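Asks: Okay, so here is entry20.txt, and as you'll see once you scroll down, it has compact mmCIF, C-alpha atoms.
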```txt
# COMPACT_ATOMS: atom_id res chain seq x y z
CA MET A 979 -0.65 33.99 -5.54
CA SER A 980 1.90 36.33 -7.12
CA GLY A 981 2.77 37.71 -3.69
CA LEU A 982 3.77 34.34 -2.19
CA PRO A 983 7.36 34.29 -3.48
CA GLU A 984 7.92 37.76 -2.03
CA VAL A 985 6.67 36.63 1.35
CA SER A 986 8.98 33.60 1.28
CA ARG A 987 11.92 35.72 0.21
CA PHE A 988 11.42 38.25 2.98
CA LYS A 989 10.92 35.48 5.49
CA ALA A 990 14.22 33.91 4.42
CA VAL A 991 15.95 37.26 4.78
CA ASP A 992 14.51 37.66 8.27
CA LEU A 993 15.73 34.20 9.24
CA ASP A 994 19.22 34.97 7.91
CA THR A 995 19.27 38.23 9.85
CA GLN A 996 18.22 36.46 13.02
CA ALA A 997 20.93 33.84 12.51
CA VAL A 998 23.57 36.54 12.04
CA GLN A 999 22.37 38.34 15.15
CA LYS A 1000 22.55 35.12 17.15
CA ARG A 1001 26.11 34.47 15.94
CA GLU A 1002 27.15 38.04 16.82
CA LYS A 1003 25.64 37.71 20.28
CA GLU A 1004 27.33 34.34 20.71
CA ALA A 1005 30.71 35.79 19.75
CA ALA A 1006 30.25 38.78 22.04
CA GLU A 1007 29.57 36.47 25.00
CA SER A 1008 32.44 34.08 24.27
CA LEU A 1009 36.13 34.96 24.00
CA VAL A 1010 36.83 31.59 22.39
CA ILE A 1011 34.33 32.03 19.55
CA SER A 1012 35.28 35.67 18.98
CA SER A 1013 38.91 34.58 18.74
CA LEU A 1014 38.00 31.94 16.17
CA GLN A 1015 35.98 34.38 14.08
CA ALA A 1016 38.77 36.98 14.11
CA ARG A 1017 41.24 34.63 12.41
CA GLN A 1018 42.25 35.54 8.85
CA SER A 1019 43.72 33.02 6.44
CA VAL A 1020 47.39 33.46 5.52
CA LEU A 1021 46.70 32.04 2.05
CA PRO A 1022 46.90 34.99 -0.37
CA ARG A 1023 43.77 35.69 -2.43
CA GLY A 1024 44.02 34.26 -5.93
CA SER A 1025 47.16 32.28 -5.12
CA ALA A 1026 47.65 28.62 -6.04
CA PHE A 1027 47.11 27.62 -2.41
CA GLU A 1028 43.82 29.52 -2.21
CA ARG A 1029 42.68 27.95 -5.50
CA VAL A 1030 43.30 24.53 -3.96
CA ALA A 1031 41.75 25.26 -0.56
CA THR A 1032 38.46 26.71 -1.84
CA PRO A 1033 37.15 23.67 -3.80
CA VAL A 1034 38.49 21.29 -1.15
CA LEU A 1035 36.49 23.05 1.56
CA ALA A 1036 33.43 23.09 -0.69
CA ALA A 1037 33.55 19.29 -0.82
CA ASN A 1038 33.94 18.92 2.96
CA SER A 1039 31.24 16.79 4.60
CA ARG A 1040 31.86 18.79 7.83
CA ALA A 1041 30.70 16.29 10.43
CA ALA A 1042 32.04 18.69 13.06
CA GLU A 1043 29.56 21.30 11.80
CA SER A 1044 26.66 19.00 12.71
CA GLU A 1045 28.13 18.61 16.18
CA LEU A 1046 28.36 22.38 16.54
CA ARG A 1047 24.74 22.80 15.43
CA SER A 1048 23.65 20.17 17.94
CA ALA A 1049 25.60 21.90 20.72
CA ARG A 1050 24.05 25.25 19.81
CA LEU A 1051 20.56 23.80 19.97
CA ARG A 1052 21.29 22.27 23.37
CA ALA A 1053 22.62 25.61 24.59
CA GLU A 1054 19.51 27.37 23.32
CA ALA A 1055 17.33 24.86 25.16
CA GLN A 1056 19.35 25.22 28.38
CA SER A 1057 19.15 29.01 28.21
CA LYS A 1058 15.44 28.65 29.16
CA ASN A 1059 15.98 26.10 31.94
CA TRP A 1060 14.91 28.65 34.59
CA LEU A 1061 11.34 28.67 33.27
CA PRO A 1062 8.64 26.41 34.79
CA THR A 1063 8.02 23.02 33.18
CA LEU A 1064 4.67 21.50 32.32
CA GLY A 1065 4.06 17.76 32.10
CA PRO A 1066 1.56 14.95 32.76
CA SER A 1067 1.33 13.01 35.98
CA ILE A 1068 -0.41 9.66 36.51
CA SER A 1069 -0.96 8.28 40.00
CA LEU A 1070 -2.82 5.29 41.42
CA THR A 1071 -5.49 6.09 44.00
CA SER A 1072 -6.34 2.48 44.61
CA LEU A 1073 -5.74 -0.90 43.03
CA SER A 1074 -8.26 -0.18 40.29
CA ASP A 1075 -8.30 3.60 39.78
CA ALA A 1076 -5.74 5.88 38.17
CA VAL A 1077 -5.78 9.67 38.19
CA ALA A 1078 -4.14 11.67 35.41
CA SER A 1079 -3.33 15.35 35.75
CA ILE A 1080 -1.15 18.12 34.38
CA VAL A 1081 1.55 19.36 36.74
CA LEU A 1082 3.25 22.76 36.53
CA ASP A 1083 6.63 22.53 38.24
CA THR A 1084 9.15 25.30 38.89
CA VAL A 1085 12.47 25.42 40.71
CA LEU A 1086 12.70 28.33 43.16
CA TYR A 1087 16.28 27.67 44.28
CA SER A 1088 18.75 25.15 42.85
CA GLY A 1089 22.00 26.11 44.56
CA GLY A 1090 23.45 27.34 41.28
CA ARG A 1091 22.68 24.16 39.35
CA LYS A 1092 20.55 25.82 36.67
CA LYS A 1093 23.18 28.49 36.01
CA ALA A 1094 25.91 25.86 35.85
CA GLU A 1095 23.86 23.88 33.33
CA ARG A 1096 23.65 26.96 31.12
CA GLU A 1097 27.40 27.51 31.43
CA PHE A 1098 28.03 23.87 30.58
CA ALA A 1099 25.95 24.13 27.42
CA LYS A 1100 27.73 27.36 26.46
CA SER A 1101 31.14 25.75 26.94
CA ASP A 1102 29.96 22.75 24.95
CA VAL A 1103 29.31 25.10 22.02
CA GLU A 1104 32.82 26.53 22.38
CA VAL A 1105 34.37 23.06 22.33
CA ALA A 1106 32.39 22.13 19.22
CA ALA A 1107 33.38 25.41 17.53
CA VAL A 1108 37.09 24.83 18.19
CA ASN A 1109 36.82 21.25 16.95
CA LEU A 1110 35.18 22.53 13.76
CA SER A 1111 38.04 25.00 13.24
CA ILE A 1112 40.61 22.25 13.87
CA ASP A 1113 38.84 19.92 11.44
CA THR A 1114 38.66 22.61 8.74
CA ASN A 1115 42.31 23.62 9.08
CA GLU A 1116 43.44 19.99 9.03
CA ARG A 1117 41.49 19.37 5.85
CA VAL A 1118 43.07 22.37 4.11
CA HIS A 1119 46.48 21.30 5.40
CA THR A 1120 46.01 17.76 4.07
CA ALA A 1121 44.99 19.09 0.65
CA LEU A 1122 47.95 21.47 0.49
CA MET A 1123 50.37 18.72 1.52
CA LEU A 1124 49.08 16.60 -1.35
CA TYR A 1125 49.38 19.55 -3.70
CA LEU A 1126 52.95 20.26 -2.59
CA ARG A 1127 53.94 16.63 -2.95
CA GLY A 1128 52.61 16.62 -6.50
CA GLN A 1129 54.26 19.96 -7.33
CA GLU A 1130 57.60 18.85 -5.93
CA ALA A 1131 57.47 15.60 -7.88
CA ARG A 1132 56.46 17.47 -11.03
CA GLU A 1133 59.28 20.00 -10.69
CA THR A 1134 61.82 17.27 -9.95
CA ALA A 1135 60.61 15.27 -12.93
CA THR A 1136 60.98 18.35 -15.16
CA MET A 1137 64.56 18.83 -14.00
CA LEU A 1138 65.33 15.13 -14.46
CA GLY A 1139 63.72 15.20 -17.91
CA GLY A 1140 66.24 17.80 -19.05
CA ALA A 1141 69.07 15.85 -17.44
CA LEU A 1142 67.95 12.69 -19.24
CA GLU A 1143 68.17 14.40 -22.62
CA ASP A 1144 71.69 15.59 -21.90
CA MET A 1145 72.71 12.18 -20.54
CA LYS A 1146 71.37 10.49 -23.68
CA HIS A 1147 73.51 12.88 -25.70
CA PHE A 1148 76.57 11.85 -23.70
CA GLU A 1149 75.62 8.19 -24.24
CA CYS A 1150 75.50 8.70 -28.00
CA ILE A 1151 78.91 10.39 -27.97
CA MET A 1152 80.41 7.60 -25.87
CA THR A 1153 78.85 4.93 -28.08
CA GLU A 1154 80.54 6.41 -31.14
CA ARG A 1155 83.84 6.70 -29.27
CA VAL A 1156 83.63 3.03 -28.30
CA LYS A 1157 82.85 2.04 -31.86
CA GLY A 1158 85.87 4.02 -33.04
CA GLY A 1159 88.08 2.42 -30.40
CA VAL A 1160 88.79 5.75 -28.70
CA SER A 1161 87.10 4.91 -25.39
CA ASP A 1162 86.65 1.78 -23.33
CA MET A 1163 83.38 -0.15 -23.07
CA SER A 1164 83.44 0.26 -19.28
CA ASP A 1165 82.89 4.02 -19.63
CA LEU A 1166 79.83 3.40 -21.78
CA SER A 1167 78.50 0.92 -19.20
CA VAL A 1168 78.92 3.51 -16.45
CA ILE A 1169 77.02 6.12 -18.46
CA ARG A 1170 74.24 3.67 -19.27
CA HIS A 1171 73.94 2.75 -15.60
CA LYS A 1172 73.66 6.40 -14.63
CA LEU A 1173 71.11 6.92 -17.39
CA ALA A 1174 69.00 3.95 -16.24
CA LYS A 1175 69.12 5.16 -12.65
CA MET A 1176 68.02 8.65 -13.69
CA GLN A 1177 65.26 7.22 -15.86
CA ALA A 1178 63.92 5.15 -12.95
CA GLN A 1179 63.92 8.21 -10.71
CA PHE A 1180 62.14 10.23 -13.39
CA ASN A 1181 59.44 7.55 -13.70
CA ALA A 1182 59.00 7.42 -9.93
CA GLU A 1183 58.59 11.19 -9.63
CA THR A 1184 56.10 11.23 -12.50
CA GLU A 1185 54.03 8.51 -10.82
CA ILE A 1186 54.09 10.39 -7.49
CA ALA A 1187 52.85 13.54 -9.21
CA LEU A 1188 49.98 11.68 -10.89
CA ALA A 1189 49.00 9.88 -7.68
CA SER A 1190 49.02 13.11 -5.65
CA VAL A 1191 46.84 14.94 -8.17
CA ALA A 1192 44.40 12.01 -8.30
CA GLU A 1193 44.13 11.94 -4.50
CA LEU A 1194 43.69 15.71 -4.39
CA ASN A 1195 40.94 15.59 -7.02
CA ALA A 1196 39.13 12.97 -4.92
CA MET A 1197 38.68 15.48 -2.08
CA SER A 1198 37.72 18.46 -4.26
CA VAL A 1199 34.59 19.54 -6.11
CA LYS A 1200 36.61 20.14 -9.28
CA LYS A 1201 39.79 18.95 -10.97
CA LEU A 1202 42.94 20.65 -9.73
CA GLY A 1203 45.49 19.24 -12.16
CA GLU A 1204 45.89 22.60 -13.90
CA VAL A 1205 46.85 24.50 -10.74
CA GLU A 1206 50.59 25.14 -10.58
CA GLY A 1207 53.11 27.07 -8.54
CA ILE A 1208 53.76 27.61 -4.85
CA THR A 1209 53.13 30.58 -2.59
CA GLN A 1210 55.46 32.05 0.01
CA LEU A 1211 53.56 32.48 3.27
CA GLU A 1212 54.12 35.00 6.05
CA VAL A 1213 53.28 33.41 9.39
CA SER A 1214 54.56 33.98 12.92
CA ARG A 1215 54.06 32.09 16.16
CA TYR A 1216 52.53 35.29 17.61
CA SER A 1217 49.95 35.66 14.82
CA ALA A 1218 47.21 33.92 16.83
CA GLN A 1219 46.61 31.71 19.82
CA PRO A 1220 47.07 28.01 18.96
CA LEU A 1221 43.87 26.05 18.45
CA GLU A 1222 45.08 23.44 20.90
CA VAL A 1223 45.16 26.04 23.68
CA LEU A 1224 41.72 27.37 22.74
CA LEU A 1225 40.34 23.83 22.91
CA SER A 1226 41.84 23.35 26.37
CA GLU A 1227 40.30 26.60 27.58
CA ALA A 1228 36.89 25.61 26.23
CA GLU A 1229 37.17 22.18 27.85
CA LYS A 1230 38.24 23.84 31.10
CA GLY A 1231 35.04 25.90 31.13
CA ARG A 1232 32.99 22.80 30.48
CA SER A 1233 34.76 20.83 33.24
CA ILE A 1234 34.29 23.63 35.77
CA ALA A 1235 30.59 23.94 34.88
CA ASN A 1236 30.15 20.19 35.25
CA ALA A 1237 31.86 20.33 38.65
CA GLN A 1238 29.53 23.14 39.72
CA ILE A 1239 26.56 21.00 38.70
CA ASP A 1240 27.85 18.15 40.84
CA ARG A 1241 28.48 20.48 43.80
CA ALA A 1242 25.00 22.00 43.53
CA GLY A 1243 23.58 18.50 43.81
CA TYR A 1244 24.56 18.45 47.49
CA LEU A 1245 22.72 21.70 48.22
CA PRO A 1246 18.99 21.91 48.95
CA THR A 1247 16.76 22.40 45.92
CA VAL A 1248 13.53 24.31 46.56
CA SER A 1249 10.75 23.60 44.07
CA ALA A 1250 7.02 24.21 43.86
CA SER A 1251 4.35 22.51 41.78
CA VAL A 1252 0.63 22.81 41.16
CA SER A 1253 -1.63 20.12 39.71
CA SER A 1254 -4.69 20.48 37.48
CA ASN A 1255 -6.70 17.98 39.53
CA GLY A 1256 -7.20 20.52 42.32
CA GLY A 1257 -4.43 19.23 44.53
CA GLY A 1258 -3.24 22.76 45.29
CA LEU A 1259 0.25 24.16 45.54
CA THR A 1260 2.91 21.83 46.92
CA GLY A 1261 6.60 22.36 47.58
CA SER A 1262 9.71 20.34 48.31
CA VAL A 1263 13.17 20.98 49.74
CA ALA A 1264 15.72 18.25 49.09
CA PRO A 1265 19.23 17.83 47.63
CA THR A 1266 19.56 16.06 44.28
CA ASN A 1267 22.43 13.85 45.43
CA PRO A 1268 22.00 11.68 48.55
CA ILE A 1269 24.11 12.76 51.51
CA GLY A 1270 26.29 9.94 52.81
CA ILE A 1271 29.63 9.16 54.40
CA GLY A 1272 31.50 9.71 51.14
CA MET A 1273 30.12 13.20 50.55
CA GLY A 1274 33.31 14.91 51.78
CA ALA A 1275 35.49 12.91 49.42
CA ASN A 1276 33.14 13.66 46.54
CA LEU A 1277 33.33 17.40 47.23
CA GLU A 1278 37.14 17.21 47.33
CA ALA A 1279 37.10 15.34 44.03
CA ILE A 1280 34.97 18.10 42.50
CA THR A 1281 37.48 20.72 43.66
CA ALA A 1282 40.35 18.64 42.28
CA THR A 1283 38.56 18.42 38.93
CA GLU A 1284 38.46 22.21 38.67
CA GLU A 1285 42.16 22.44 39.55
CA ALA A 1286 43.05 19.75 37.01
CA ALA A 1287 41.19 21.64 34.27
CA GLY A 1288 43.31 24.74 34.92
CA ARG A 1289 46.52 22.71 34.87
CA ARG A 1290 45.58 21.12 31.56
CA VAL A 1291 45.32 24.58 30.02
CA ALA A 1292 48.78 25.49 31.34
CA GLN A 1293 50.22 22.23 30.04
CA SER A 1294 48.60 22.74 26.65
CA GLN A 1295 50.01 26.28 26.50
CA GLU A 1296 53.50 25.02 27.29
CA GLU A 1297 53.37 22.22 24.72
CA ALA A 1298 52.03 24.55 22.03
CA SER A 1299 54.73 27.15 22.77
CA ARG A 1300 57.45 24.51 22.55
CA ARG A 1301 56.12 23.16 19.28
CA LEU A 1302 55.75 26.61 17.73
CA ALA A 1303 59.23 27.62 18.86
CA LYS A 1304 60.61 24.47 17.26
CA GLN A 1305 58.70 25.11 14.04
CA GLU A 1306 59.90 28.71 13.92
CA ALA A 1307 63.51 27.59 14.41
CA GLU A 1308 63.11 24.94 11.70
CA THR A 1309 61.64 27.54 9.35
CA ALA A 1310 64.57 29.89 9.92
CA ALA A 1311 67.01 27.02 9.38
CA LEU A 1312 65.29 25.92 6.16
CA ASP A 1313 65.28 29.51 4.93
CA ARG A 1314 69.03 29.66 5.43
CA GLN A 1315 69.52 26.21 3.86
CA LEU A 1316 67.52 27.28 0.82
CA ALA A 1317 69.79 30.28 0.27
CA GLU A 1318 72.82 28.01 0.60
CA ALA A 1319 71.30 25.41 -1.73
CA ARG A 1320 70.65 28.05 -4.38
CA ALA A 1321 74.24 29.27 -4.12
CA LEU A 1322 75.55 25.70 -4.39
CA THR A 1323 73.32 25.02 -7.40
CA GLY A 1324 74.62 28.16 -9.06
CA GLY A 1325 78.19 27.07 -8.37
CA ALA A 1326 77.52 23.59 -9.72
CA LYS A 1327 76.00 25.08 -12.87
CA ALA A 1328 79.04 27.34 -13.32
CA ASN A 1329 81.35 24.31 -12.97
CA LEU A 1330 79.26 22.40 -15.50
CA ASP A 1331 79.45 25.26 -17.99
CA LEU A 1332 83.22 25.45 -17.50
CA PHE A 1333 83.69 21.72 -18.01
CA GLN A 1334 81.40 21.84 -21.04
CA SER A 1335 83.43 24.62 -22.63
CA GLN A 1336 86.68 22.77 -21.84
CA TYR A 1337 85.22 19.61 -23.35
CA ASP A 1338 84.29 21.48 -26.51
CA ALA A 1339 87.89 22.74 -26.66
CA GLY A 1340 89.20 19.19 -26.31
CA GLN A 1341 90.58 19.72 -22.80
CA ARG A 1342 88.17 17.39 -20.97
CA GLN A 1343 86.92 13.83 -21.43
CA VAL A 1344 83.27 12.86 -21.69
CA MET A 1345 83.35 11.12 -18.32
CA ASP A 1346 84.61 14.31 -16.68
CA VAL A 1347 81.58 16.23 -17.97
CA VAL A 1348 79.23 13.39 -17.01
CA GLY A 1349 80.50 13.40 -13.43
CA VAL A 1350 80.09 17.17 -13.08
CA TYR A 1351 76.64 17.01 -14.67
CA GLU A 1352 75.55 14.33 -12.20
CA THR A 1353 76.73 16.54 -9.33
CA TYR A 1354 74.76 19.49 -10.73
CA ALA A 1355 71.58 17.40 -11.10
CA ALA A 1356 71.86 16.11 -7.52
CA GLN A 1357 72.34 19.65 -6.18
CA ALA A 1358 69.37 20.96 -8.18
CA GLU A 1359 67.21 18.16 -6.76
CA SER A 1360 68.38 19.03 -3.24
CA GLU A 1361 67.43 22.67 -3.76
CA ILE A 1362 63.93 21.67 -4.85
CA ALA A 1363 63.51 19.48 -1.76
CA VAL A 1364 64.60 22.26 0.64
CA LYS A 1365 62.31 24.78 -1.09
CA TYR A 1366 59.25 22.60 -0.54
CA ASP A 1367 60.28 21.65 3.01
CA LEU A 1368 60.28 25.36 3.87
CA VAL A 1369 56.73 25.80 2.55
CA ARG A 1370 55.59 22.71 4.46
CA ALA A 1371 57.08 24.04 7.70
CA ARG A 1372 55.17 27.31 7.33
CA LEU A 1373 51.95 25.46 6.54
CA ASP A 1374 52.40 23.31 9.65
CA MET A 1375 52.67 26.43 11.80
CA ALA A 1376 49.65 28.02 10.11
CA LYS A 1377 47.61 24.87 10.75
CA ASP A 1378 48.42 24.82 14.46
CA LEU A 1379 47.46 28.49 14.69
CA GLY A 1380 44.23 27.95 12.73
CA LEU A 1381 45.21 30.34 9.93
CA LEU A 1382 44.47 28.22 6.85
CA ALA A 1383 40.86 29.41 6.59
CA ASP A 1384 38.97 32.56 7.54
CA GLY A 1385 37.16 32.24 10.86
CA ASP A 1386 33.98 33.89 9.54
CA ASP A 1387 33.79 31.39 6.67
CA ILE A 1388 34.18 28.45 9.01
```
Would you write the structure of this file as structure tokens?
Replies:
Amino acid sequence: MSGLPEVSRFKAVDLDTQAVQKREKEAAESLVISSLQARQSVLPRGSAFERVATPVLAANSRAAESELRSARLRAEAQSKNWLPTLGPSISLTSLSDAVASIVLDTVLYSGGRKKAEREFAKSDVEVAAVNLSIDTNERVHTALMLYLRGQEARETATMLGGALEDMKHFECIMTERVKGGVSDMSDLSVIRHKLAKMQAQFNAETEIALASVAELNAMSVKKLGEVEGITQLEVSRYSAQPLEVLLSEAEKGRSIANAQIDRAGYLPTVSASVSSNGGGLTGSVAPTNPIGIGMGANLEAITATEEAAGRRVAQSQEEASRRLAKQEAETAALDRQLAEARALTGGAKANLDLFQSQYDAGQRQVMDVVGVYETYAAQAESEIAVKYDLVRARLDMAKDLGLLADGDDI
């Protein structure tokens, strides 16, 4: 009895080894699957993005994985479709007697149908594999978008929180000036209006941050409220072939295989069978599809289907190239805008410091400083928005290229 666990353990190891060998063979025979497995995530190890993506993927129900497993099992079954089949046969010899027998049937020539069926099943696996990669990358992208929305709201709220404290200080100064008759009540009303507006924006950003974290936690195996910071990604349109194009190529292979199956149906199929009731060896030669007046049109339709599959790949390639070129241009523009926004924020801060020092020296009024401070706060908020838009643009490109998760892990 003490040896049973060892037997089970070694058996499990053997099964894992066989599974790995099957996957390696599958990748070697398929350019689509090998391309998917070669993809490496652009999310740096240990970064905030990677710390978000890992628990989110762990909580993934992965319905597409079940579809891939089903397609693989169908492909494995079709890989043996050239072998003879064995099944029962029941026939009536008269109105009262029935004869049951076992029939061994084999196809000697199918006009390429059996091979096309194997190719169809193989392409079906490729389509399911690409769909799984698309599903996984979209899930990581959704989680990171939620994370970025929460981080942006949190950073904006932090900036507004500091601005609120300074604005309250200005309100106190103006209140005392109004009480002393130095300033007009209208100036105090303006400051209070600005303060109320800033407070409302601060509350809204705080609520957005809380809602984003709550939604992100709902799709993760652990709480992610403590994760902070953003990561600069390095991604190029030439890093990998877009998943959309890979899907079109896999669907093209499946469409062509299906067309070959339909075409083989108009060719003679030679089969032989032997029965266990002593009936001897019998054979048949007949096409699967009936030959009629519309056969020519059907054959032309099959040819057109193959041509259409190739054109869909070309169209998909063109659309993906256009979208990636647009995303790359937007990324370059946002990178430039971020540098400009940082320079403008620095200039606004320098103006605020100058006005503050002039106010302390009695050369400026409170309202002058309030106006400059409001300009600085608006520019700082704009810089935060551009910074996060740049990260989102790079994540969008990485999603289309399938670079938000390692191919081997998927």
Asks: Report as a VMD selection string all protein, DNA and RNA residues lying within 12 Å of region 1321-1336 of chain A, evaluated on only C-alpha atoms, omitting residues in the same chain fewer than 2 positions from it.
Replies: chain A and resid 1144 1148 1314 to 1319 1338 to 1362
Asks: Given the choices A:Ile1011, A:Ala1036, A:Ala1099, A:Ala1187, which gets closest to Arg1127 (chain A) if the distance is worked out from only C-alpha atoms?
Replies: A:Ala1187
Asks: Using only C-alpha atoms, can you tell me which of A:Lys1200, A:Arg1232, A:Arg1370, A:Arg1300 comes closest to Thr1032 (chain A)?
Replies: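 Under the stated criterion, the closest residue is A:Lys1200.
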Asks: Report, in Å to a single decimal, how far apart CA of Met1375 (chain A) and CA of Ser1294 (chain A) are.
Replies: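 Spanning CA of Ser1294 (chain A) to CA of Met1375 (chain A) is a straight-line distance of 15.8 Å.
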Asks: Write out as JSON, numbers by chain the residues lying within 6 Å of region 1093-1095 of chain A, counting all atoms listed in the file and excluding same-chain residues fewer than 3 positions away.
Replies: {"A": [1090, 1098, 1235, 1238, 1239]}
Asks: What does the distance between CA of Glu1222 (chain A) and CA of Arg1289 (chain A) come to in Å, to one decimal place?
Replies: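 Between CA of Glu1222 (chain A) and CA of Arg1289 (chain A) the gap is 14.1 Å.
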Asks: Would you pick out the contacts of Ser1025 (chain A) at 10 Å or less, using only C-alpha atoms, so that residues sharing its chain but fewer than 6 positions from it are not included, and give the list as a list in words?
Replies: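 Residues meeting the cut-off are Ala1031, Val1205, Glu1206, Gly1207, Ile1208, Thr1209 and Gln1210 of chain A.
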Asks: Which one is closest to Val1191 (chain A): A:Leu1221, A:Leu1051, A:Leu1124, A:Ile1388? Count all atoms listed in the file.
Replies: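 Looking only at the distances to Val1191 (chain A), the closest residue turns out to be A:Leu1124.
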Asks: Between A:Asp1240, A:Asp1384, A:Glu1133, A:Glu1104, which has the minimum distance to Glu1028 (chain A) (counting only C-alpha atoms)?
Replies: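 The shortest atom-to-atom distance to Glu1028 (chain A) comes from A:Asp1384.
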Asks: Given the choices A:Ser1111, A:Thr1184, A:Asn1038, A:Thr1281, which gets closest to Gln1015 (chain A) if the distance is worked out from all atoms listed in the file?
Replies: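 Smallest separation from Gln1015 (chain A) among the options: A:Ser1111.
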Asks: Looking at A:Glu1278, A:Asp1113, A:Glu1212, A:Glu1149, which one is nearest to Leu1021 (chain A), with distances taken over all atoms listed in the file?
Replies: A:Glu1212
Asks: Could you list, as a ChimeraX atom specification, every residue within 12 Å of Ala1178 (chain A), counting all atoms listed in the file and ignoring same-chain residues fewer than 6 positions away?
Replies: /A:1135,1138-1139,1142,1171-1172,1184-1185
Asks: Residues of the last selection are to be written out with C-alpha atoms, as a CSV table (one decimal), in the frame of the given file.
Replies:
```
chain,number,residue,atom,x,y,z
A,1135,ALA,CA,60.6,15.3,-12.9
A,1138,LEU,CA,65.3,15.1,-14.5
A,1139,GLY,CA,63.7,15.2,-17.9
A,1142,LEU,CA,68.0,12.7,-19.2
A,1171,HIS,CA,73.9,2.8,-15.6
A,1172,LYS,CA,73.7,6.4,-14.6
A,1184,THR,CA,56.1,11.2,-12.5
A,1185,GLU,CA,54.0,8.5,-10.8
```
